[in-house]
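K.L.:
Right, I'll just put the structure down here and ask away after.
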Amino acid sequence: MRDYIIATSSTSDLPRTYLDAHQIPFIAYSYTVNDEPCQDDCREESRAAVYAGMRKGDLLKTSMIPEVTYYEFFKELLAKGQDVIFLDMSREMSVSYANSTRAAKKAQAEFPDRKLYVMDTLCISGGLGLLVENMVARMEAGMSYENVILWGETNKLNIAHRFTVDDLKYLKMGGRVSNASALVGSILSIKPVLYVPDGGTLDVVKKARGRKAALGSILSGVISDLSKFDCTGTTIHILHADCMDDAAYVRDAIKAAYPQVGDIAISSLGVVIGAHCGPGLLTLFYLCTGRSPE
């Protein structure tokens with residue numbers, strides 16, 4: 001039996017096949033589709049169905065995980081007799097971090113001989129997933145609890161997050177842009193390019209004119225990052241919300257520029273981030289030498 005457990009949330013956007021294969025417990029965020037309650041199960045077929053429905057007009061709403069739900073989740077893990085490392089999305093992106101830290105204190109008080117570490121990952125979506133994957137790989141290789149935490153804290157800000165959004169209406173519904181900005185942006189075919197800086201927020205760093213320009217901006221940033229170190233074998237994750245052709249285009253362009261990179265995995269974006277940004281969202285995540293939006 002392992003000495004400790006690494007757990008995460010469904011917002012790590014890892015495929016369910018990976019979570020099951022590596023026995024990674026996860027806590028599921030909830031959402032509604034046209035007021036019908038659902039749980040984020042991390043399955044590719046669920047994600048595909050959600051984006052197909054959104055293109056037809058389905059309305060999605062997401063909910064934060066309450067403190068009591070985290071508490072029950074942590075208690076169940078600690079009851080197994082192992083220490084726990086828990087990774088959820090950045091403190092700046094959700095009240096879930098505050099809820100989970102309060103719940104962790106209560107749960108750990110009931111298991112004083114166990115350790116429970118809740119990390120402010122400063123990551124979201126596939127960036128969080130990449131952090132989880134790297135820490136799990138080190139756990140499985142025999143690295144100690146303390147050293148896995150140290151690796152995560154030392155390297156979390158070396159995970160680049162690059163996004164582009166296809167339709168501003170979803171950001172408008174979530175309050176990220178005004179009605180006027182969304183209208184003007186749609187008329188002018190403005191496509192925001194977003195980035196997660198060191199503070200763990202999600203910031204607009206550029207407004208590209210058209211989808212091709214937005215993808216070009218993302219590629220430019222990736223290629224700039226990869227030029228700063230020996231990227232041989234570097235793993236890149238591309239997540240998409242029903243835009244597989246764009247994901248393949250970006251993958252092929254990176255491979256053409258840097259054929260020595262490692263696996264470029266393409267999978268569907270998780271429901272929670274997708275609900276706020278809509279179909280057509282394309283994201284890239286990879287380890288680099290430090291976060292820089294340009």
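Please note that chains go A, B, ... in the order of the structure tokens, that every chain numbers its residues from 1, and that ligands are numbered from 1 in the order shown.
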Can you pull out every residue within 10 Å of Ile149 in chain A, counting only C-alpha atoms, but drop anything in the same chain fewer than 5 positions away, and send it as a PyMOL selection string?

P.N.:
chain A and resi 85+117-119+135+139+143-144+154-155

K.L.:
Can you pull out the residues contacting range 58-62 of chain A? Cut-off 8 Å, using only C-alpha atoms, and skip same-chain residues under 2 positions away; I want them as a list of chain:residue names.

P.N.:
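Once the nearby chain positions are removed, what remains is A:Tyr29, A:Ser30, A:Tyr31, A:Thr32, A:Val33, A:Asn34, A:Asp35, A:Gly53, A:Met54, A:Arg55, A:Lys56, A:Met64, A:Val272, A:Ala275.
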
K.L.:
If you count only C-alpha atoms, which residues fall within 6 Å of range 162-165 of chain A, apart from same-chain ones fewer than 2 positions away, as a PyMOL selection string?

P.N.:
chain A and resi 167+191-195+281-284

K.L.:
For Asn134 in chain A, which of A:Val148, A:Gly210, A:Ser46, A:Met93 is the closest residue, counting only C-alpha atoms?

P.N.:
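Of A:Val148, A:Gly210, A:Ser46, A:Met93, the one nearest Asn134 in chain A is A:Val148, counting only C-alpha atoms.
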
K.L.:
DSSP on the backbone: what in range 30-109 of chain A comes out helix (DSSP H, G or I), as a compact mmCIF listing (two decimals) with all heavy atoms, in the first residue's frame?

P.N.:
# COMPACT_ATOMS: atom_id res chain seq x y z
N GLU A 44 -14.92 11.40 -21.09
CA GLU A 44 -14.88 12.05 -22.40
C GLU A 44 -16.27 12.15 -23.01
O GLU A 44 -16.63 13.17 -23.60
CB GLU A 44 -13.95 11.28 -23.34
CG GLU A 44 -12.46 11.46 -23.04
CD GLU A 44 -11.94 12.81 -23.49
OE1 GLU A 44 -12.10 13.16 -24.67
OE2 GLU A 44 -11.35 13.52 -22.66
N GLU A 45 -17.07 11.09 -22.89
CA GLU A 45 -18.40 11.11 -23.51
C GLU A 45 -19.31 12.14 -22.86
O GLU A 45 -20.14 12.76 -23.53
CB GLU A 45 -19.03 9.71 -23.46
CG GLU A 45 -19.17 9.09 -22.08
CD GLU A 45 -17.98 8.23 -21.67
OE1 GLU A 45 -16.85 8.49 -22.16
OE2 GLU A 45 -18.18 7.30 -20.86
N SER A 46 -19.15 12.37 -21.55
CA SER A 46 -19.95 13.39 -20.87
C SER A 46 -19.57 14.78 -21.35
O SER A 46 -20.43 15.64 -21.59
CB SER A 46 -19.76 13.30 -19.35
OG SER A 46 -20.15 12.03 -18.87
N ARG A 47 -18.29 15.02 -21.50
CA ARG A 47 -17.81 16.31 -21.96
C ARG A 47 -18.28 16.59 -23.39
O ARG A 47 -18.75 17.69 -23.69
CB ARG A 47 -16.28 16.35 -21.88
CG ARG A 47 -15.75 16.27 -20.46
CD ARG A 47 -14.25 16.06 -20.40
NE ARG A 47 -13.77 16.05 -19.03
CZ ARG A 47 -12.51 15.81 -18.68
NH1 ARG A 47 -11.60 15.55 -19.61
NH2 ARG A 47 -12.16 15.81 -17.41
N ALA A 48 -18.16 15.59 -24.25
CA ALA A 48 -18.58 15.77 -25.64
C ALA A 48 -20.08 16.08 -25.71
O ALA A 48 -20.51 16.94 -26.50
CB ALA A 48 -18.25 14.52 -26.45
N ALA A 49 -20.86 15.39 -24.90
CA ALA A 49 -22.31 15.61 -24.90
C ALA A 49 -22.65 17.02 -24.44
O ALA A 49 -23.57 17.66 -24.97
CB ALA A 49 -23.00 14.57 -24.02
N VAL A 50 -21.94 17.51 -23.44
CA VAL A 50 -22.19 18.86 -22.93
C VAL A 50 -21.94 19.91 -24.02
O VAL A 50 -22.76 20.81 -24.24
CB VAL A 50 -21.31 19.14 -21.70
CG1 VAL A 50 -21.20 20.64 -21.43
CG2 VAL A 50 -21.88 18.45 -20.47
N TYR A 51 -20.82 19.80 -24.74
CA TYR A 51 -20.50 20.82 -25.75
C TYR A 51 -21.43 20.72 -26.95
O TYR A 51 -21.82 21.75 -27.52
CB TYR A 51 -19.03 20.72 -26.15
CG TYR A 51 -18.13 21.01 -24.99
CD1 TYR A 51 -17.14 20.12 -24.59
CD2 TYR A 51 -18.30 22.17 -24.23
CE1 TYR A 51 -16.35 20.38 -23.49
CE2 TYR A 51 -17.52 22.43 -23.14
CZ TYR A 51 -16.54 21.53 -22.76
OH TYR A 51 -15.76 21.79 -21.67
N ALA A 52 -21.82 19.51 -27.30
CA ALA A 52 -22.80 19.38 -28.38
C ALA A 52 -24.12 20.02 -27.98
O ALA A 52 -24.77 20.71 -28.79
CB ALA A 52 -23.02 17.89 -28.70
N GLY A 53 -24.51 19.86 -26.72
CA GLY A 53 -25.74 20.48 -26.23
C GLY A 53 -25.64 21.99 -26.18
O GLY A 53 -26.60 22.70 -26.51
N MET A 54 -24.47 22.52 -25.77
CA MET A 54 -24.30 23.97 -25.72
C MET A 54 -24.41 24.59 -27.11
O MET A 54 -24.97 25.67 -27.27
CB MET A 54 -22.95 24.33 -25.08
CG MET A 54 -22.87 24.02 -23.60
SD MET A 54 -21.26 24.42 -22.86
CE MET A 54 -21.42 26.20 -22.65
N ARG A 55 -23.91 23.89 -28.11
CA ARG A 55 -24.03 24.42 -29.47
C ARG A 55 -25.48 24.46 -29.92
O ARG A 55 -25.84 25.25 -30.80
CB ARG A 55 -23.19 23.57 -30.43
CG ARG A 55 -21.67 23.75 -30.24
CD ARG A 55 -20.92 23.29 -31.45
NE ARG A 55 -19.47 23.35 -31.29
CZ ARG A 55 -18.72 24.45 -31.47
NH1 ARG A 55 -19.31 25.58 -31.79
NH2 ARG A 55 -17.41 24.40 -31.33
N GLU A 67 -18.25 23.43 1.90
CA GLU A 67 -17.29 22.97 2.90
C GLU A 67 -17.62 21.57 3.41
O GLU A 67 -16.73 20.72 3.58
CB GLU A 67 -17.25 23.96 4.05
CG GLU A 67 -16.26 23.64 5.14
CD GLU A 67 -16.27 24.68 6.24
OE1 GLU A 67 -16.48 25.87 5.95
OE2 GLU A 67 -16.06 24.29 7.41
N VAL A 68 -18.89 21.30 3.66
CA VAL A 68 -19.28 20.01 4.23
C VAL A 68 -18.96 18.86 3.27
O VAL A 68 -18.60 17.75 3.70
CB VAL A 68 -20.77 20.00 4.62
CG1 VAL A 68 -21.67 20.14 3.38
CG2 VAL A 68 -21.12 18.74 5.40
N THR A 69 -19.05 19.10 1.97
CA THR A 69 -18.75 18.05 1.00
C THR A 69 -17.25 17.75 0.99
O THR A 69 -16.84 16.58 0.93
CB THR A 69 -19.22 18.47 -0.40
OG1 THR A 69 -20.61 18.79 -0.35
CG2 THR A 69 -19.00 17.36 -1.41
N TYR A 70 -16.42 18.80 1.07
CA TYR A 70 -14.99 18.58 1.21
C TYR A 70 -14.69 17.81 2.49
O TYR A 70 -13.85 16.90 2.51
CB TYR A 70 -14.24 19.91 1.24
CG TYR A 70 -14.00 20.54 -0.10
CD1 TYR A 70 -14.63 21.73 -0.45
CD2 TYR A 70 -13.11 19.98 -1.02
CE1 TYR A 70 -14.39 22.34 -1.67
CE2 TYR A 70 -12.86 20.59 -2.24
CZ TYR A 70 -13.51 21.76 -2.57
OH TYR A 70 -13.28 22.35 -3.78
N TYR A 71 -15.35 18.19 3.56
CA TYR A 71 -15.12 17.55 4.86
C TYR A 71 -15.37 16.04 4.79
O TYR A 71 -14.55 15.23 5.24
CB TYR A 71 -16.04 18.20 5.89
CG TYR A 71 -16.12 17.50 7.22
CD1 TYR A 71 -15.04 17.50 8.11
CD2 TYR A 71 -17.29 16.84 7.60
CE1 TYR A 71 -15.13 16.85 9.33
CE2 TYR A 71 -17.39 16.20 8.82
CZ TYR A 71 -16.30 16.20 9.68
OH TYR A 71 -16.40 15.56 10.88
N GLU A 72 -16.48 15.64 4.18
CA GLU A 72 -16.79 14.22 4.07
C GLU A 72 -15.78 13.52 3.16
O GLU A 72 -15.38 12.37 3.42
CB GLU A 72 -18.21 14.03 3.52
CG GLU A 72 -19.31 14.53 4.45
CD GLU A 72 -19.36 13.75 5.76
OE1 GLU A 72 -18.88 12.60 5.79
OE2 GLU A 72 -19.89 14.30 6.75
N PHE A 73 -15.36 14.18 2.11
CA PHE A 73 -14.36 13.63 1.19
C PHE A 73 -13.04 13.39 1.91
O PHE A 73 -12.44 12.30 1.80
CB PHE A 73 -14.18 14.60 0.02
CG PHE A 73 -13.16 14.19 -1.01
CD1 PHE A 73 -13.39 13.12 -1.86
CD2 PHE A 73 -11.98 14.90 -1.15
CE1 PHE A 73 -12.45 12.75 -2.83
CE2 PHE A 73 -11.04 14.55 -2.11
CZ PHE A 73 -11.28 13.47 -2.95
N PHE A 74 -12.58 14.39 2.67
CA PHE A 74 -11.31 14.26 3.38
C PHE A 74 -11.39 13.20 4.47
O PHE A 74 -10.44 12.43 4.67
CB PHE A 74 -10.89 15.60 3.98
CG PHE A 74 -10.50 16.64 2.96
CD1 PHE A 74 -10.80 17.99 3.18
CD2 PHE A 74 -9.84 16.29 1.80
CE1 PHE A 74 -10.44 18.95 2.25
CE2 PHE A 74 -9.48 17.25 0.86
CZ PHE A 74 -9.78 18.58 1.10
N LYS A 75 -12.50 13.15 5.19
CA LYS A 75 -12.65 12.15 6.25
C LYS A 75 -12.54 10.74 5.68
O LYS A 75 -11.89 9.86 6.27
CB LYS A 75 -14.00 12.31 6.95
CG LYS A 75 -14.03 13.31 8.07
CD LYS A 75 -15.02 12.97 9.16
CE LYS A 75 -16.36 12.50 8.65
NZ LYS A 75 -17.27 12.13 9.78
N GLU A 76 -13.16 10.51 4.55
CA GLU A 76 -13.12 9.18 3.93
C GLU A 76 -11.69 8.81 3.53
O GLU A 76 -11.27 7.66 3.70
CB GLU A 76 -14.03 9.16 2.71
CG GLU A 76 -14.10 7.81 2.01
CD GLU A 76 -15.05 7.80 0.83
OE1 GLU A 76 -15.86 8.74 0.69
OE2 GLU A 76 -14.98 6.84 0.04
N LEU A 77 -10.93 9.78 3.02
CA LEU A 77 -9.55 9.50 2.64
C LEU A 77 -8.67 9.24 3.86
O LEU A 77 -7.89 8.27 3.88
CB LEU A 77 -8.97 10.68 1.83
CG LEU A 77 -9.60 10.97 0.47
CD1 LEU A 77 -8.92 12.16 -0.18
CD2 LEU A 77 -9.53 9.75 -0.45
N LEU A 78 -8.78 10.06 4.88
CA LEU A 78 -7.95 9.91 6.07
C LEU A 78 -8.27 8.61 6.82
O LEU A 78 -7.39 8.01 7.45
CB LEU A 78 -8.14 11.11 7.00
CG LEU A 78 -7.60 12.44 6.46
CD1 LEU A 78 -8.04 13.59 7.35
CD2 LEU A 78 -6.08 12.41 6.34
N ARG A 91 -6.54 29.43 -5.76
CA ARG A 91 -7.31 30.18 -4.76
C ARG A 91 -8.02 31.38 -5.40
O ARG A 91 -9.14 31.73 -5.01
CB ARG A 91 -6.34 30.68 -3.68
CG ARG A 91 -6.94 31.57 -2.62
CD ARG A 91 -5.87 32.46 -1.98
NE ARG A 91 -4.75 31.71 -1.45
CZ ARG A 91 -4.52 31.56 -0.15
NH1 ARG A 91 -5.33 32.08 0.74
NH2 ARG A 91 -3.45 30.90 0.25
N GLU A 92 -7.37 32.02 -6.37
CA GLU A 92 -7.92 33.23 -6.96
C GLU A 92 -9.09 32.96 -7.91
O GLU A 92 -9.81 33.88 -8.28
CB GLU A 92 -6.82 33.98 -7.74
CG GLU A 92 -5.73 34.56 -6.86
CD GLU A 92 -6.27 35.59 -5.89
OE1 GLU A 92 -7.17 36.35 -6.27
OE2 GLU A 92 -5.78 35.63 -4.74
N MET A 93 -9.29 31.70 -8.30
CA MET A 93 -10.33 31.38 -9.27
C MET A 93 -11.61 30.87 -8.65
O MET A 93 -12.63 30.74 -9.33
CB MET A 93 -9.79 30.33 -10.26
CG MET A 93 -8.71 30.84 -11.18
SD MET A 93 -9.28 32.19 -12.24
CE MET A 93 -10.49 31.32 -13.24
N SER A 96 -13.68 27.64 -3.64
CA SER A 96 -13.48 26.24 -3.26
C SER A 96 -12.20 26.05 -2.45
O SER A 96 -12.15 25.19 -1.56
CB SER A 96 -13.43 25.36 -4.51
OG SER A 96 -14.69 25.31 -5.12
N TYR A 97 -11.17 26.84 -2.72
CA TYR A 97 -9.93 26.70 -1.95
C TYR A 97 -10.18 27.01 -0.48
O TYR A 97 -9.75 26.26 0.41
CB TYR A 97 -8.83 27.60 -2.50
CG TYR A 97 -7.56 27.54 -1.68
CD1 TYR A 97 -6.66 26.50 -1.86
CD2 TYR A 97 -7.28 28.50 -0.71
CE1 TYR A 97 -5.50 26.41 -1.09
CE2 TYR A 97 -6.13 28.42 0.06
CZ TYR A 97 -5.25 27.37 -0.13
OH TYR A 97 -4.11 27.28 0.64
N ALA A 98 -10.88 28.09 -0.22
CA ALA A 98 -11.19 28.45 1.17
C ALA A 98 -12.06 27.37 1.82
O ALA A 98 -11.84 26.99 2.98
CB ALA A 98 -11.89 29.80 1.22
N ASN A 99 -13.05 26.88 1.08
CA ASN A 99 -13.91 25.83 1.63
C ASN A 99 -13.11 24.56 1.94
O ASN A 99 -13.32 23.92 2.97
CB ASN A 99 -15.02 25.49 0.64
CG ASN A 99 -16.05 26.59 0.52
OD1 ASN A 99 -16.10 27.50 1.34
ND2 ASN A 99 -16.89 26.52 -0.50
N SER A 100 -12.19 24.21 1.04
CA SER A 100 -11.43 22.98 1.25
C SER A 100 -10.44 23.11 2.40
O SER A 100 -10.24 22.14 3.15
CB SER A 100 -10.69 22.59 -0.04
OG SER A 100 -9.71 23.53 -0.39
N THR A 101 -9.83 24.28 2.59
CA THR A 101 -8.88 24.43 3.70
C THR A 101 -9.59 24.39 5.05
O THR A 101 -9.09 23.79 6.00
CB THR A 101 -8.08 25.73 3.56
OG1 THR A 101 -8.97 26.85 3.38
CG2 THR A 101 -7.14 25.67 2.38
N ARG A 102 -10.77 25.01 5.13
CA ARG A 102 -11.53 24.93 6.38
C ARG A 102 -11.95 23.49 6.66
O ARG A 102 -11.86 23.00 7.80
CB ARG A 102 -12.75 25.84 6.32
CG ARG A 102 -12.43 27.33 6.41
CD ARG A 102 -13.69 28.14 6.66
NE ARG A 102 -14.64 28.03 5.56
CZ ARG A 102 -14.69 28.87 4.54
NH1 ARG A 102 -13.84 29.88 4.47
NH2 ARG A 102 -15.59 28.72 3.58
N ALA A 103 -12.41 22.81 5.63
CA ALA A 103 -12.84 21.42 5.79
C ALA A 103 -11.66 20.53 6.19
O ALA A 103 -11.81 19.61 7.01
CB ALA A 103 -13.47 20.92 4.50
N ALA A 104 -10.50 20.81 5.62
CA ALA A 104 -9.32 19.99 5.92
C ALA A 104 -8.94 20.11 7.39
O ALA A 104 -8.57 19.11 8.03
CB ALA A 104 -8.15 20.42 5.04
N LYS A 105 -9.02 21.29 7.96
CA LYS A 105 -8.69 21.47 9.37
C LYS A 105 -9.63 20.67 10.25
O LYS A 105 -9.21 20.03 11.23
CB LYS A 105 -8.76 22.96 9.73
CG LYS A 105 -7.63 23.79 9.14
CD LYS A 105 -7.76 25.25 9.52
CE LYS A 105 -6.64 26.08 8.89
NZ LYS A 105 -6.78 27.53 9.22
N LYS A 106 -10.92 20.67 9.91
CA LYS A 106 -11.89 19.92 10.71
C LYS A 106 -11.67 18.42 10.57
O LYS A 106 -11.72 17.67 11.56
CB LYS A 106 -13.30 20.28 10.27
CG LYS A 106 -13.70 21.71 10.59
CD LYS A 106 -15.12 22.01 10.09
CE LYS A 106 -15.51 23.44 10.37
NZ LYS A 106 -16.87 23.77 9.86
N ALA A 107 -11.42 17.97 9.36
CA ALA A 107 -11.22 16.53 9.15
C ALA A 107 -9.94 16.05 9.82
O ALA A 107 -9.91 14.98 10.44
CB ALA A 107 -11.18 16.24 7.65
N GLN A 108 -8.88 16.85 9.72
CA GLN A 108 -7.61 16.42 10.29
C GLN A 108 -7.67 16.38 11.81
O GLN A 108 -6.99 15.57 12.44
CB GLN A 108 -6.49 17.34 9.83
CG GLN A 108 -5.10 16.78 10.12
CD GLN A 108 -4.00 17.57 9.46
OE1 GLN A 108 -4.21 18.68 8.99
NE2 GLN A 108 -2.81 17.00 9.41
N ALA A 109 -8.50 17.25 12.40
CA ALA A 109 -8.65 17.24 13.86
C ALA A 109 -9.19 15.90 14.34
O ALA A 109 -8.94 15.48 15.48
CB ALA A 109 -9.57 18.38 14.29

K.L.:
Find the residues near range 215-231 of chain A: any atom within 10 Å, counting only C-alpha atoms, skip ones fewer than 6 places away on the same chain, and give them as a ChimeraX atom specification.

P.N.:
/A:160-165,191,193-195,206-208,246-247,249-251,253-254,257-262,282-294

K.L.:
How about saving the chosen residues, N, CA, C and O atoms kept, as a short mmCIF file (atom, residue, chain, number, x, y, z; two decimals), in the first residue's frame?

P.N.:
data_model
loop_
_atom_site.label_atom_id
_atom_site.label_comp_id
_atom_site.auth_asym_id
_atom_site.auth_seq_id
_atom_site.Cartn_x
_atom_site.Cartn_y
_atom_site.Cartn_z
N ALA A 160 2.81 26.49 -17.85
CA ALA A 160 2.19 27.52 -18.68
C ALA A 160 0.76 27.13 -19.01
O ALA A 160 0.45 25.96 -19.22
N HIS A 161 -0.13 28.14 -19.02
CA HIS A 161 -1.55 27.96 -19.37
C HIS A 161 -1.88 28.96 -20.47
O HIS A 161 -1.81 30.18 -20.25
N ARG A 162 -2.26 28.48 -21.64
CA ARG A 162 -2.63 29.37 -22.75
C ARG A 162 -4.02 28.99 -23.26
O ARG A 162 -4.29 27.82 -23.51
N PHE A 163 -4.90 29.99 -23.42
CA PHE A 163 -6.29 29.77 -23.80
C PHE A 163 -6.70 30.70 -24.93
O PHE A 163 -6.18 31.82 -25.03
N THR A 164 -7.67 30.28 -25.71
CA THR A 164 -8.42 31.22 -26.53
C THR A 164 -9.88 30.81 -26.54
O THR A 164 -10.21 29.63 -26.42
N VAL A 165 -10.74 31.81 -26.66
CA VAL A 165 -12.20 31.61 -26.60
C VAL A 165 -12.79 31.96 -27.96
O VAL A 165 -12.37 32.94 -28.59
N LYS A 191 -11.30 37.63 -30.72
CA LYS A 191 -11.08 36.39 -29.99
C LYS A 191 -10.06 36.65 -28.88
O LYS A 191 -8.87 36.85 -29.17
N VAL A 193 -7.27 36.13 -26.15
CA VAL A 193 -6.21 35.18 -25.81
C VAL A 193 -5.94 35.37 -24.32
O VAL A 193 -5.67 36.49 -23.87
N LEU A 194 -6.05 34.28 -23.58
CA LEU A 194 -5.97 34.36 -22.12
C LEU A 194 -4.76 33.59 -21.59
O LEU A 194 -4.25 32.68 -22.25
N TYR A 195 -4.35 33.96 -20.37
CA TYR A 195 -3.16 33.36 -19.77
C TYR A 195 -3.33 33.36 -18.26
O TYR A 195 -4.01 34.23 -17.69
N LYS A 206 -4.42 39.46 -24.80
CA LYS A 206 -4.45 39.96 -26.17
C LYS A 206 -5.86 39.77 -26.72
O LYS A 206 -6.58 38.85 -26.33
N LYS A 207 -6.27 40.66 -27.63
CA LYS A 207 -7.54 40.52 -28.34
C LYS A 207 -7.22 40.38 -29.81
O LYS A 207 -6.91 41.35 -30.48
N ALA A 208 -7.29 39.14 -30.28
CA ALA A 208 -6.93 38.85 -31.67
C ALA A 208 -8.13 39.05 -32.58
O ALA A 208 -9.27 38.85 -32.19
N ASP A 246 -8.98 22.37 -34.69
CA ASP A 246 -8.04 23.40 -34.23
C ASP A 246 -6.97 22.80 -33.34
O ASP A 246 -5.79 23.18 -33.40
N ALA A 247 -7.37 21.86 -32.48
CA ALA A 247 -6.41 21.21 -31.59
C ALA A 247 -5.35 20.46 -32.40
O ALA A 247 -4.15 20.53 -32.11
N TYR A 249 -4.49 21.11 -35.50
CA TYR A 249 -3.68 22.11 -36.20
C TYR A 249 -2.57 22.63 -35.31
O TYR A 249 -1.40 22.73 -35.73
N VAL A 250 -2.91 22.97 -34.08
CA VAL A 250 -1.91 23.49 -33.14
C VAL A 250 -0.87 22.42 -32.81
O VAL A 250 0.34 22.69 -32.78
N ARG A 251 -1.33 21.20 -32.58
CA ARG A 251 -0.40 20.09 -32.32
C ARG A 251 0.60 19.93 -33.46
O ARG A 251 1.82 19.85 -33.23
N ALA A 253 1.51 22.06 -35.74
CA ALA A 253 2.40 23.22 -35.88
C ALA A 253 3.53 23.18 -34.85
O ALA A 253 4.67 23.53 -35.15
N ILE A 254 3.21 22.76 -33.62
CA ILE A 254 4.25 22.65 -32.59
C ILE A 254 5.25 21.56 -32.97
O ILE A 254 6.47 21.74 -32.87
N ALA A 257 7.63 22.74 -35.58
CA ALA A 257 8.64 23.67 -35.09
C ALA A 257 9.65 23.00 -34.16
O ALA A 257 10.84 23.32 -34.18
N TYR A 258 9.15 22.05 -33.35
CA TYR A 258 10.00 21.36 -32.38
C TYR A 258 9.70 19.86 -32.42
O TYR A 258 9.00 19.33 -31.55
N PRO A 259 10.23 19.16 -33.40
CA PRO A 259 9.94 17.73 -33.51
C PRO A 259 10.45 16.91 -32.34
O PRO A 259 10.00 15.77 -32.13
N GLN A 260 11.35 17.49 -31.54
CA GLN A 260 11.92 16.75 -30.41
C GLN A 260 11.02 16.75 -29.17
O GLN A 260 11.33 16.07 -28.19
N VAL A 261 9.93 17.53 -29.19
CA VAL A 261 9.06 17.51 -28.00
C VAL A 261 8.48 16.12 -27.83
O VAL A 261 8.44 15.31 -28.76
N GLY A 262 7.98 15.86 -26.63
CA GLY A 262 7.42 14.55 -26.33
C GLY A 262 5.98 14.44 -26.76
O GLY A 262 5.56 15.00 -27.78
N LEU A 282 -9.99 26.59 -26.66
CA LEU A 282 -8.81 25.77 -26.89
C LEU A 282 -7.75 26.16 -25.87
O LEU A 282 -7.51 27.35 -25.64
N THR A 283 -7.13 25.17 -25.24
CA THR A 283 -6.16 25.44 -24.18
C THR A 283 -4.92 24.58 -24.35
O THR A 283 -5.01 23.45 -24.85
N LEU A 284 -3.76 25.11 -23.92
CA LEU A 284 -2.51 24.36 -23.94
C LEU A 284 -1.82 24.51 -22.59
O LEU A 284 -1.84 25.59 -21.98
N PHE A 285 -1.18 23.41 -22.16
CA PHE A 285 -0.49 23.38 -20.87
C PHE A 285 0.81 22.58 -21.02
O PHE A 285 0.82 21.53 -21.64
N TYR A 286 1.89 23.08 -20.37
CA TYR A 286 3.17 22.39 -20.46
C TYR A 286 4.11 22.98 -19.42
O TYR A 286 3.94 24.13 -18.97
N LEU A 287 5.12 22.22 -19.04
CA LEU A 287 6.16 22.71 -18.15
C LEU A 287 7.15 23.55 -18.94
O LEU A 287 7.54 23.20 -20.06
N CYS A 288 7.55 24.68 -18.34
CA CYS A 288 8.51 25.58 -19.00
C CYS A 288 9.42 26.15 -17.93
O CYS A 288 9.49 25.61 -16.82
N THR A 289 10.13 27.22 -18.23
CA THR A 289 11.07 27.80 -17.28
C THR A 289 10.47 28.92 -16.44
O THR A 289 11.16 29.53 -15.64
N GLY A 290 9.21 29.21 -16.65
CA GLY A 290 8.53 30.28 -15.91
C GLY A 290 7.42 30.87 -16.74
O GLY A 290 7.48 30.86 -17.97
N ARG A 291 6.39 31.37 -16.08
CA ARG A 291 5.22 31.87 -16.80
C ARG A 291 5.49 33.25 -17.41
O ARG A 291 5.96 34.16 -16.74
N SER A 292 5.18 33.35 -18.68
CA SER A 292 5.29 34.61 -19.41
C SER A 292 4.24 34.63 -20.50
O SER A 292 4.22 33.74 -21.34
N PRO A 293 3.31 35.61 -20.49
CA PRO A 293 2.21 35.58 -21.45
C PRO A 293 2.64 35.77 -22.90
O PRO A 293 1.92 35.36 -23.81
N GLU A 294 3.77 36.40 -23.12
CA GLU A 294 4.21 36.67 -24.51
C GLU A 294 5.11 35.55 -25.03
O GLU A 294 5.78 34.87 -24.27
#

K.L.:
Set the distance at 10 Å and use only C-alpha atoms: which residues neighbour Ser125 in chain A once local chain neighbours fewer than 4 positions away are removed? I'd like the list as a ChimeraX atom specification.

P.N.:
/A:9-14,88-90,129-130,161,239,269-274,283-285

K.L.:
Using Å and a single decimal, report how far CA of Leu202 in chain A sits from CA of Ser189 in chain A.

P.N.:
20.9 Å

K.L.:
Return the single residue from A:Cys243, A:Val95, A:Cys38, A:Ile236 that is closest to Asp120 in chain A, with distances computed using only C-alpha atoms.

P.N.:
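Ranked by minimum distance to Asp120 in chain A, first place goes to A:Val95.
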
K.L.:
Run DSSP on the backbone and tell me which residues of range 76-233 of chain A come out as strand (DSSP E or B); list them as a ChimeraX atom specification.

P.N.:
/A:83-88,116-120,159-164,190-195,203-209
